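Okay, entry35.cif now, which holds mmCIF, C-alpha atoms:
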data_start
loop_
_atom_site.label_atom_id
_atom_site.label_comp_id
_atom_site.auth_asym_id
_atom_site.auth_seq_id
_atom_site.Cartn_x
_atom_site.Cartn_y
_atom_site.Cartn_z
CA MET A 1 67.55 -55.23 210.59
CA GLY A 2 70.43 -53.73 212.49
CA CYS A 3 71.10 -52.94 216.12
CA GLY A 4 73.98 -52.29 218.44
CA LYS A 5 76.44 -54.89 219.67
CA GLY A 6 75.27 -57.21 222.38
CA LEU A 7 71.68 -57.61 221.16
CA ASP A 8 71.26 -61.29 220.35
CA LYS A 9 68.27 -63.49 219.65
CA GLY A 10 67.33 -63.91 223.30
CA ALA A 11 67.99 -60.34 224.40
CA ARG A 12 65.42 -57.63 225.09
CA CYS A 13 65.29 -54.44 223.06
CA SER A 14 64.49 -51.26 224.91
CA VAL A 15 63.41 -49.29 221.83
CA ILE A 16 62.49 -50.53 218.34
CA ARG A 17 62.24 -47.98 215.54
CA ALA A 18 60.43 -48.64 212.22
CA ARG A 19 59.18 -46.91 209.09
CA VAL A 20 55.70 -47.02 210.59
CA VAL A 21 54.14 -48.29 213.80
CA TYR A 22 50.53 -49.46 213.58
CA PRO A 23 49.37 -49.47 217.21
CA GLY A 24 45.96 -51.02 216.55
CA ILE A 25 44.35 -48.29 218.63
CA GLY A 26 44.76 -44.80 217.20
CA ARG A 27 46.51 -43.58 214.07
CA PRO A 28 49.57 -45.16 212.42
CA ILE A 29 52.79 -43.49 213.48
CA ASP A 30 55.19 -42.32 210.77
CA ASN A 31 58.84 -42.96 211.69
CA GLY A 32 57.59 -44.53 214.88
CA ALA A 33 59.02 -46.51 217.72
CA VAL A 34 57.97 -48.89 220.46
CA ALA A 35 59.63 -48.98 223.87
CA VAL A 36 59.68 -52.31 225.70
CA SER A 37 60.34 -52.90 229.38
CA GLY A 38 59.87 -56.07 231.39
CA GLY A 39 57.99 -57.85 228.63
CA ALA A 40 55.43 -55.05 228.19
CA ILE A 41 55.00 -51.98 226.03
CA SER A 42 56.08 -48.91 227.98
CA ALA A 43 55.44 -46.43 225.15
CA ALA A 44 54.60 -46.17 221.45
CA GLY A 45 55.10 -42.95 219.54
CA LYS A 46 57.42 -40.94 217.34
CA TRP A 47 61.01 -42.11 217.12
CA ARG A 48 62.26 -38.63 217.95
CA ASP A 49 60.34 -38.74 221.23
CA LEU A 50 61.32 -42.25 222.30
CA LYS A 51 64.88 -42.77 221.09
CA ALA A 52 66.37 -41.40 224.29
CA LEU A 53 64.65 -44.17 226.26
CA GLY A 54 67.04 -46.69 224.79
CA GLY A 55 69.88 -45.53 226.96
CA GLY A 56 72.50 -46.49 224.39
CA PRO A 57 73.09 -48.18 221.02
CA GLU A 58 73.09 -51.66 222.55
CA THR A 59 69.42 -51.30 223.49
CA VAL A 60 68.11 -49.63 220.33
CA LEU A 61 67.02 -51.59 217.26
CA ASP A 62 66.32 -49.93 213.91
CA ALA A 63 63.86 -52.05 211.92
CA GLY A 64 64.37 -49.93 208.81
CA GLU A 65 61.76 -50.04 206.03
CA ARG A 66 59.34 -52.18 207.97
CA ALA A 67 56.11 -51.82 209.84
CA LEU A 68 55.54 -52.87 213.42
CA LEU A 69 52.07 -54.23 214.13
CA PRO A 70 50.44 -55.94 217.10
CA GLY A 71 50.83 -59.69 217.08
CA LEU A 72 47.80 -61.23 215.36
CA ILE A 73 45.13 -63.00 217.39
CA ASN A 74 43.66 -66.18 215.95
CA ALA A 75 40.29 -66.45 217.68
CA HIS A 76 39.49 -69.98 216.47
CA CYS A 77 41.82 -72.81 215.59
CA HIS A 78 42.14 -76.61 215.81
CA LEU A 79 45.86 -77.25 216.20
CA ASP A 80 45.17 -80.96 216.75
CA TYR A 81 44.11 -81.32 213.10
CA THR A 82 47.04 -79.60 211.37
CA GLY A 83 48.22 -82.93 209.97
CA MET A 84 44.88 -83.41 208.20
CA ALA A 85 45.55 -80.60 205.75
CA GLY A 86 44.32 -81.31 202.24
CA LEU A 87 42.75 -84.70 203.01
CA TRP A 88 39.44 -84.01 201.27
CA PRO A 89 38.14 -81.74 198.54
CA PRO A 90 35.15 -79.58 199.52
CA PRO A 91 32.15 -81.82 200.24
CA LYS A 92 28.70 -81.50 198.68
CA GLY A 93 27.24 -80.65 202.09
CA PHE A 94 28.43 -80.03 205.63
CA THR A 95 26.89 -83.26 206.95
CA ASP A 96 28.81 -85.26 204.32
CA TRP A 97 32.06 -84.00 205.86
CA ILE A 98 31.32 -85.06 209.45
CA PRO A 99 31.79 -88.85 208.94
CA LEU A 100 35.04 -88.18 207.06
CA MET A 101 36.37 -86.21 210.01
CA LEU A 102 35.25 -88.81 212.54
CA ALA A 103 36.97 -91.56 210.56
CA ALA A 104 40.21 -89.57 210.33
CA LYS A 105 40.18 -88.90 214.07
CA ALA A 106 39.64 -92.60 214.78
CA GLU A 107 42.94 -93.35 213.03
CA TYR A 108 44.89 -90.73 214.97
CA GLY A 109 46.85 -91.56 218.11
CA TYR A 110 48.43 -89.37 220.76
CA ALA A 111 51.68 -88.97 218.81
CA ASP A 112 49.79 -87.89 215.68
CA TYR A 113 47.88 -85.24 217.58
CA ALA A 114 51.06 -84.03 219.28
CA ARG A 115 52.88 -83.66 215.95
CA SER A 116 49.90 -81.84 214.48
CA TRP A 117 49.65 -79.47 217.45
CA LEU A 118 53.33 -78.58 217.36
CA ALA A 119 53.38 -78.14 213.58
CA GLY A 120 50.36 -75.85 213.75
CA ALA A 121 51.84 -73.75 216.52
CA ARG A 122 55.03 -73.28 214.47
CA MET A 123 53.00 -72.21 211.42
CA LEU A 124 51.12 -69.62 213.44
CA GLY A 125 54.28 -68.13 214.87
CA GLU A 126 55.94 -67.94 211.45
CA THR A 127 52.92 -66.14 209.98
CA GLY A 128 52.50 -63.52 212.68
CA THR A 129 50.05 -64.98 215.21
CA THR A 130 51.10 -64.46 218.81
CA THR A 131 47.86 -65.48 220.59
CA VAL A 132 45.55 -68.35 219.62
CA ALA A 133 42.20 -69.62 220.86
CA ASP A 134 42.51 -73.34 220.23
CA ILE A 135 39.86 -76.04 220.50
CA GLU A 136 41.53 -78.91 222.34
CA SER A 137 40.11 -82.35 221.58
CA VAL A 138 43.02 -84.14 223.29
CA PRO A 139 43.44 -82.47 226.69
CA GLU A 140 46.15 -85.00 227.56
CA LEU A 141 48.47 -82.85 225.44
CA LEU A 142 48.32 -80.15 228.11
CA PRO A 143 50.30 -78.60 229.70
CA GLU A 144 53.28 -80.10 227.85
CA ALA A 145 52.12 -78.65 224.54
CA TRP A 146 51.93 -75.21 226.13
CA ASP A 147 55.54 -75.53 227.28
CA SER A 148 56.63 -76.32 223.72
CA THR A 149 55.56 -72.99 222.19
CA PRO A 150 56.16 -69.30 222.92
CA LEU A 151 52.59 -68.52 221.75
CA ARG A 152 49.92 -67.39 224.16
CA VAL A 153 47.42 -70.24 223.95
CA PHE A 154 43.84 -70.36 225.21
CA SER A 155 42.86 -74.03 225.07
CA PHE A 156 39.11 -74.58 225.04
CA LEU A 157 38.47 -78.17 226.11
CA GLU A 158 36.11 -79.81 223.65
CA MET A 159 33.01 -81.66 224.89
CA THR A 160 30.46 -83.64 222.92
CA GLY A 161 27.76 -85.99 224.09
CA VAL A 162 25.98 -87.75 221.25
CA ARG A 163 28.00 -90.97 221.44
CA SER A 164 29.24 -90.67 225.01
CA LYS A 165 27.93 -93.04 227.67
CA LYS A 166 28.79 -90.48 230.33
CA SER A 167 26.30 -88.12 231.91
CA ALA A 168 26.37 -84.39 231.19
CA ALA A 169 27.70 -83.80 234.71
CA GLY A 170 30.44 -86.38 234.13
CA ILE A 171 31.52 -84.87 230.82
CA LEU A 172 31.68 -81.38 232.26
CA GLY A 173 33.30 -82.57 235.48
CA GLU A 174 36.25 -84.09 233.61
CA ALA A 175 36.81 -80.84 231.73
CA LEU A 176 36.65 -78.74 234.88
CA GLU A 177 39.06 -81.05 236.71
CA LYS A 178 41.54 -80.72 233.84
CA ILE A 179 41.24 -76.94 233.87
CA LYS A 180 41.79 -76.93 237.64
CA SER A 181 44.99 -78.93 237.21
CA LEU A 182 46.50 -76.53 234.67
CA SER A 183 48.74 -73.60 235.49
CA HIS A 184 50.90 -71.63 233.10
CA PRO A 185 52.28 -68.07 233.07
CA GLN A 186 50.87 -67.17 229.63
CA CYS A 187 48.40 -69.91 228.69
CA GLY A 188 44.95 -70.71 229.97
CA ALA A 189 41.92 -72.93 229.43
CA GLY A 190 38.18 -72.67 228.95
CA LEU A 191 35.20 -74.78 227.92
CA SER A 192 34.11 -75.79 224.44
CA PRO A 193 30.80 -77.60 224.14
CA HIS A 194 31.46 -78.45 220.50
CA ALA A 195 28.18 -77.39 218.87
CA PRO A 196 24.45 -77.53 219.56
CA TYR A 197 24.05 -80.51 217.22
CA SER A 198 26.88 -82.55 218.79
CA THR A 199 25.81 -81.96 222.39
CA PHE A 200 22.47 -81.78 224.17
CA PRO A 201 20.61 -79.15 226.19
CA GLY A 202 21.51 -80.55 229.61
CA LEU A 203 25.24 -80.29 228.95
CA LEU A 204 24.86 -76.77 227.58
CA ARG A 205 22.94 -75.61 230.65
CA LEU A 206 25.58 -77.08 232.97
CA CYS A 207 28.35 -75.41 230.93
CA ALA A 208 26.60 -72.06 231.16
CA ALA A 209 26.31 -72.34 234.94
CA ALA A 210 29.91 -73.49 235.39
CA ALA A 211 31.32 -70.80 233.13
CA ALA A 212 29.41 -68.10 234.98
CA GLY A 213 30.32 -69.45 238.40
CA GLN A 214 34.02 -69.94 237.67
CA ASN A 215 34.53 -66.98 235.31
CA LEU A 216 35.48 -69.19 232.37
CA ARG A 217 35.36 -68.33 228.71
CA VAL A 218 33.49 -70.58 226.31
CA SER A 219 34.06 -71.22 222.60
CA MET A 220 31.37 -72.99 220.58
CA HIS A 221 30.53 -73.67 216.93
CA VAL A 222 27.10 -72.07 216.46
CA ALA A 223 24.85 -71.91 213.38
CA GLU A 224 27.72 -73.07 211.19
CA SER A 225 25.70 -74.54 208.32
CA LEU A 226 22.31 -74.62 206.63
CA ASP A 227 22.12 -78.29 207.64
CA GLU A 228 22.35 -77.28 211.30
CA PHE A 229 19.76 -74.53 210.80
CA GLU A 230 17.32 -76.95 209.16
CA MET A 231 17.83 -79.41 211.98
CA PHE A 232 16.94 -76.98 214.75
CA ALA A 233 14.50 -74.66 213.03
CA ARG A 234 12.52 -77.28 211.08
CA ALA A 235 13.47 -80.72 212.50
CA ARG A 236 14.49 -82.01 209.10
CA GLY A 237 17.35 -82.19 206.65
CA PRO A 238 20.52 -84.28 206.22
CA MET A 239 22.03 -83.47 209.63
CA PHE A 240 18.76 -84.24 211.42
CA ASN A 241 18.44 -87.56 209.61
CA TRP A 242 22.07 -88.57 210.13
CA LEU A 243 22.08 -87.76 213.85
CA GLU A 244 18.73 -89.44 214.41
CA ARG A 245 20.15 -92.62 212.83
CA ASN A 246 23.13 -92.33 215.16
CA GLY A 247 21.01 -92.24 218.29
CA ARG A 248 20.88 -88.57 219.18
CA ASP A 249 17.77 -87.47 221.10
CA MET A 250 16.20 -85.03 218.62
CA GLY A 251 13.68 -83.62 221.08
CA ASP A 252 15.38 -80.20 221.06
CA CYS A 253 14.84 -79.81 217.32
CA GLY A 254 12.13 -77.75 215.62
CA GLY A 255 10.85 -74.24 216.15
CA ALA A 256 14.03 -72.31 216.99
CA SER A 257 17.29 -71.36 215.29
CA PRO A 258 20.63 -72.70 216.56
CA VAL A 259 21.40 -69.28 218.06
CA ALA A 260 18.08 -69.31 219.91
CA ARG A 261 18.73 -72.86 221.18
CA VAL A 262 22.08 -71.77 222.62
CA GLY A 263 20.28 -68.83 224.19
CA HIS A 264 17.68 -71.11 225.78
CA ALA A 265 20.54 -72.98 227.46
CA GLY A 266 21.86 -69.73 228.96
CA LEU A 267 25.13 -69.72 227.05
CA LEU A 268 24.75 -66.44 225.17
CA GLY A 269 26.84 -63.86 227.01
CA GLU A 270 30.01 -61.79 227.07
CA ASN A 271 32.11 -64.86 227.87
CA LEU A 272 31.05 -66.72 224.69
CA LEU A 273 32.99 -66.89 221.44
CA ALA A 274 30.35 -68.02 218.94
CA VAL A 275 32.23 -69.46 215.97
CA HIS A 276 31.01 -69.29 212.35
CA VAL A 277 27.42 -67.97 212.84
CA ASN A 278 26.60 -68.42 209.16
CA ALA A 279 22.91 -69.38 209.22
CA LEU A 280 20.75 -66.89 211.10
CA ALA A 281 17.04 -66.38 211.63
CA PRO A 282 15.38 -62.97 211.93
CA GLY A 283 16.23 -61.56 215.34
CA ASP A 284 19.41 -63.62 215.82
CA VAL A 285 21.72 -60.69 215.04
CA GLU A 286 19.97 -58.48 217.58
CA LEU A 287 20.05 -61.26 220.19
CA LEU A 288 23.78 -61.79 219.76
CA ALA A 289 24.38 -58.05 220.10
CA GLN A 290 22.11 -57.70 223.13
CA LYS A 291 23.92 -60.51 224.95
CA GLY A 292 27.40 -59.21 224.12
CA VAL A 293 28.44 -62.39 222.32
CA HIS A 294 31.72 -62.33 220.38
CA VAL A 295 31.48 -63.80 216.86
CA VAL A 296 34.41 -65.46 215.10
CA HIS A 297 34.48 -65.68 211.30
CA CYS A 298 36.81 -68.11 209.50
CA PRO A 299 36.84 -66.95 205.85
CA ARG A 300 38.74 -69.80 204.19
CA SER A 301 36.76 -72.49 206.01
CA HIS A 302 33.59 -70.61 205.09
CA ASP A 303 34.64 -70.79 201.44
CA TYR A 304 35.53 -74.49 201.69
CA PHE A 305 32.00 -75.43 202.71
CA GLY A 306 30.21 -72.85 200.57
CA HIS A 307 28.23 -71.58 203.54
CA PRO A 308 25.63 -68.80 203.20
CA PRO A 309 27.19 -65.30 203.04
CA PHE A 310 28.58 -64.20 206.38
CA GLN A 311 26.48 -61.30 207.67
CA ARG A 312 29.45 -59.17 208.71
CA ALA A 313 27.88 -55.80 207.94
CA ALA A 314 24.66 -56.56 209.82
CA LEU A 315 26.50 -57.96 212.83
CA ALA A 316 28.91 -55.02 212.92
CA ALA A 317 26.08 -52.49 212.60
CA ALA A 318 24.35 -54.13 215.56
CA GLY A 319 27.50 -53.73 217.65
CA VAL A 320 28.68 -57.34 217.73
CA ASN A 321 32.42 -57.76 218.35
CA LEU A 322 33.72 -59.56 215.24
CA CYS A 323 36.94 -61.57 215.21
CA LEU A 324 38.88 -63.74 212.75
CA GLY A 325 40.10 -67.31 213.02
CA THR A 326 41.71 -69.93 210.81
CA ASP A 327 39.60 -72.96 211.81
CA SER A 328 41.49 -76.20 211.05
CA LEU A 329 43.53 -77.10 208.00
CA ALA A 330 41.10 -79.98 207.40
CA THR A 331 38.59 -77.39 206.15
CA ILE A 332 40.70 -75.17 203.88
CA ARG A 333 41.13 -75.70 200.15
CA LYS A 334 44.43 -76.60 198.60
CA HIS A 335 45.96 -73.84 196.48
CA ASP A 336 47.81 -74.76 193.28
CA GLY A 337 48.00 -78.32 194.56
CA ARG A 338 49.71 -77.28 197.80
CA ASN A 339 48.37 -77.91 201.26
CA PRO A 340 47.22 -74.79 203.13
CA GLU A 341 48.92 -73.34 206.18
CA LEU A 342 47.57 -71.71 209.31
CA ASP A 343 47.95 -68.06 208.38
CA MET A 344 45.90 -65.13 209.64
CA PHE A 345 47.09 -62.93 206.78
CA ALA A 346 45.53 -65.47 204.40
CA GLU A 347 42.26 -65.16 206.33
CA MET A 348 42.37 -61.36 206.04
CA ARG A 349 43.03 -61.58 202.32
CA ALA A 350 40.15 -64.04 201.91
CA LEU A 351 37.74 -61.76 203.74
CA ALA A 352 38.83 -58.74 201.73
CA SER A 353 38.27 -60.63 198.46
CA LYS A 354 34.71 -61.59 199.43
CA ASP A 355 33.53 -58.45 201.24
CA ALA A 356 34.30 -55.21 199.41
CA ALA A 357 32.44 -53.23 202.08
CA ALA A 358 34.89 -54.29 204.79
CA SER A 359 37.60 -51.64 205.14
CA PRO A 360 41.22 -52.70 205.69
CA GLN A 361 41.04 -51.09 209.11
CA ASP A 362 37.96 -53.15 210.01
CA ILE A 363 39.59 -56.37 208.87
CA LEU A 364 42.85 -55.71 210.68
CA GLN A 365 40.92 -54.86 213.83
CA MET A 366 39.13 -58.23 213.60
CA ALA A 367 42.55 -59.91 213.68
CA THR A 368 43.94 -57.88 216.58
CA VAL A 369 42.03 -55.73 219.09
CA ASN A 370 38.69 -57.51 218.58
CA GLY A 371 40.23 -60.90 219.24
CA ALA A 372 41.86 -59.55 222.38
CA ARG A 373 38.51 -58.27 223.61
CA ALA A 374 36.89 -61.66 222.99
CA LEU A 375 39.55 -63.37 225.11
CA GLY A 376 39.35 -60.86 227.94
CA LEU A 377 42.66 -59.26 226.96
CA ALA A 378 41.53 -55.79 225.91
CA GLY A 379 44.42 -53.40 226.41
CA LYS A 380 46.82 -56.31 226.91
CA ALA A 381 46.99 -57.99 223.50
CA GLY A 382 46.24 -56.96 219.94
CA ALA A 383 47.53 -53.42 220.42
CA LEU A 384 50.85 -51.62 220.84
CA VAL A 385 49.87 -49.37 223.71
CA GLU A 386 51.32 -48.61 227.11
CA GLY A 387 50.82 -51.55 229.47
CA ALA A 388 50.11 -54.12 226.76
CA PHE A 389 52.14 -57.28 226.28
CA ALA A 390 55.19 -56.68 224.11
CA ASP A 391 53.73 -58.93 221.40
CA LEU A 392 54.50 -57.51 217.96
CA ILE A 393 55.38 -58.47 214.43
CA ALA A 394 57.49 -56.82 211.73
CA MET A 395 56.59 -56.87 208.03
CA PRO A 396 58.27 -55.15 205.09
CA PHE A 397 56.72 -51.78 204.29
CA SER A 398 58.02 -48.69 202.50
CA GLY A 399 54.82 -47.03 201.30
CA LYS A 400 52.75 -44.15 202.58
CA VAL A 401 51.71 -44.36 206.20
CA SER A 402 48.06 -44.02 205.19
CA GLY A 403 48.32 -47.31 203.29
CA ILE A 404 49.63 -49.52 206.07
CA ALA A 405 46.29 -51.18 206.94
CA GLU A 406 45.64 -52.12 203.32
CA ALA A 407 49.20 -53.38 202.92
CA ALA A 408 48.85 -55.54 206.03
CA VAL A 409 45.51 -57.02 204.94
CA HIS A 410 46.98 -57.99 201.55
CA PHE A 411 50.39 -59.10 202.85
CA SER A 412 51.56 -62.51 201.69
CA GLY A 413 54.59 -64.44 202.86
CA ARG A 414 56.51 -64.81 206.09
CA VAL A 415 56.73 -61.97 208.55
CA GLU A 416 60.25 -60.74 209.25
CA GLY A 417 60.09 -60.55 213.00
CA VAL A 418 57.95 -61.86 215.85
CA MET A 419 58.25 -60.75 219.46
CA ILE A 420 56.25 -62.24 222.33
CA GLY A 421 56.57 -60.89 225.83
CA GLY A 422 59.56 -58.76 224.85
CA GLN A 423 61.52 -61.70 223.41
CA TRP A 424 62.28 -62.11 219.73
CA ILE A 425 60.79 -65.46 218.68
CA LEU A 426 61.55 -65.02 214.99
CA GLN A 427 64.94 -63.38 214.66
CA PRO A 428 64.91 -60.46 212.19
CA GLU A 429 67.77 -60.37 209.71
#
Whole structure, structure tokens version:
Amino acid sequence: MGCGKGLDKGARCSVIRARVVYPGIGRPIDNGAVAVSGGAISAAGKWRDLKALGGGPETVLDAGERALLPGLINAHCHLDYTGMAGLWPPPKGFTDWIPLMLAAKAEYGYADYARSWLAGARMLGETGTTTVADIESVPELLPEAWDSTPLRVFSFLEMTGVRSKKSAAGILGEALEKIKSLSHPQCGAGLSPHAPYSTFPGLLRLCAAAAAGQNLRVSMHVAESLDEFEMFARARGPMFNWLERNGRDMGDCGGASPVARVGHAGLLGENLLAVHVNALAPGDVELLAQKGVHVVHCPRSHDYFGHPPFQRAALAAAGVNLCLGTDSLATIRKHDGRNPELDMFAEMRALASKDAAASPQDILQMATVNGARALGLAGKAGALVEGAFADLIAMPFSGKVSGIAEAAVHFSGRVEGVMIGGQWILQPE
């Protein structure tokens, strides 16, 4: 990738030209270019129309036979657990996995979580993610962890309640105080009541009220497994039995799906990222759509657990905003004996292999503009349009412009350039 003299790794490019520009909104641009000013996109269009904006060879970069795409948005991740990659083969059932995870977490200390967080953030950057919605189980890592990465990070502070001796108000109060203490130019925080089964209705109601009153976004595992569905809909099954033995009040179980239970607590709304959503009752799809809930699918984690088929087509037809996430490396299969990596391209490939009805354009949108919408960043992230953050990635591409979406969805390997806020984070060669 060549450019004029004076453009080094930390410098800003005024105009970047490439074989094709995929803006995320609108058609791919043959022989396209992106103009960057002050960390934002000032224009995206034909090279012939934008090249004069460079002002001189020192501010023009020719990316050659590559494609420029919006930086990918990982709408659900657990950076804290990166170091747990490959610990366990897929379990027989979801409930069998929970004690394994709890035991592993009990052996982790602050330094272990910090190493995992940093390693995961590096993986994401190297594989084209520029914005991540991360579930933070160790809020003590913040804000120092934010300062260690160029990524845009939304940290959703995890809350549970089954084993806690604290009140719902106390659990939520600690999370809100932490959020109040945090300030960062490109990172932010929200709430994450972990899941309906690991919390209780009082905490969920308080979270709903706080999120609405303070304009906070919420990320929550919802209807992840058949075990969870059986627990709430029928007050039975392995999860019900295990949690009852562990002292959870099971009075909220029976007669309603997990989605309906979250709705009863007032949490279904446009500020909610409902993660997984694999086990649904009749009417759940329509309820999610009516409330404007964003749904995050994690294809490789879905495969690891052997969950029921993800109802992508039904959710999309109802108008639900669908996004993609990686989940944690603790719930992704090894491949050829190698530990997995956090890689949104791998998630897109996994979805494409399982869902032939999903077009490449639909899948790529789930990893870009849809994720931005879920995080309140529509028009700012996930797209190369005027006024958006100058967050982009470069991947090799020399085919027909009409094939760029399919090529991106099936891309494997390291990206060849990553820019965040107008700064090259991964230096192109």
(request) Using all atoms listed in the file, find all polymer residues with an atom at most 7 Å away from the point (25.9, -68.3, 203.9); report them as an NGL selection string. (result) :A and (278-279 or 307-310)
(message) What would the selection look like, as a PyMOL selection string, if the PyMOL selection byres ((chain A and resi 239) around 12) were run on the coordinates I just shared?
(response) chain A and resi 93-99+196-198+224-232+234-238+240-246+248+250+253
Which residues of stretch 305-364 of chain A sit at most 12 Å from stretch 383-403 of chain A, using only C-alpha atoms? Give each one's shortest atom pair and distance in Å (one decimal place), in chain and ascending residue order, as CSV.
residue,atom,partner,partner_atom,distance
A:Phe345,CA,A:Met395,CA,11.3
A:Ser359,CA,A:Gly403,CA,11.7
A:Pro360,CA,A:Gly403,CA,9.2
A:Gln361,CA,A:Gly403,CA,10.1
A:Leu364,CA,A:Ala383,CA,11.0
(request) Show which residues sit within 8 Å of A:Leu273, as JSON, numbers by chain. Count only C-alpha atoms, and ignore same-chain residues fewer than 4 positions away. (result) {"A": [217, 218, 219, 220, 293, 294, 295, 296, 374]}
For the file shown, what are the residues hit by the PyMOL selection byres ((chain A and resi 172) around 8), laid out as a PDB file with C-alpha atoms, keeping the file's coordinate frame?
ATOM      1  CA  MET A 159      33.010 -81.660 224.890  1.00  0.00           C
ATOM      2  CA  ALA A 168      26.370 -84.390 231.190  1.00  0.00           C
ATOM      3  CA  ALA A 169      27.700 -83.800 234.710  1.00  0.00           C
ATOM      4  CA  GLY A 170      30.440 -86.380 234.130  1.00  0.00           C
ATOM      5  CA  ILE A 171      31.520 -84.870 230.820  1.00  0.00           C
ATOM      6  CA  GLY A 173      33.300 -82.570 235.480  1.00  0.00           C
ATOM      7  CA  GLU A 174      36.250 -84.090 233.610  1.00  0.00           C
ATOM      8  CA  ALA A 175      36.810 -80.840 231.730  1.00  0.00           C
ATOM      9  CA  LEU A 176      36.650 -78.740 234.880  1.00  0.00           C
ATOM     10  CA  LEU A 203      25.240 -80.290 228.950  1.00  0.00           C
ATOM     11  CA  LEU A 206      25.580 -77.080 232.970  1.00  0.00           C
ATOM     12  CA  CYS A 207      28.350 -75.410 230.930  1.00  0.00           C
TER      13      CYS A 207
END
(message) Between atom CA of A:Lys166 and atom CA of A:His264, what is the distance in Å, rounded to a tenth?
(response) 22.8 Å
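Between atom CA of A:Ser257 and atom CA of A:Leu280 the separation is 7.0 Å.
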(request) Using the chain letters and numbering of this document, enumerate as an MDAnalysis selection string the residues selected by the PyMOL selection byres ((chain A and resi 191) around 6). (result) chainID A and resid 156:157 190 192 218
(request) Have a look at A:Pro90, A:Pro139, A:Gly128, A:Gly71 and name the one nearest to A:Gly413; count only C-alpha atoms. (result) A:Gly128
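Residue nearest A:Ala67, chosen from A:Val153, A:Ala18, A:Ala210, A:Val222 and counting all atoms listed in the file: A:Ala18.
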(request) With a distance cut-off of 8 Å and all atoms listed in the file, select the neighbouring residues of A:Gly188, excluding the residue or stretch itself and same-chain residues fewer than 5 positions from it, and output the selection as a VMD selection string. (result) chain A and resid 153 to 155 182 to 183
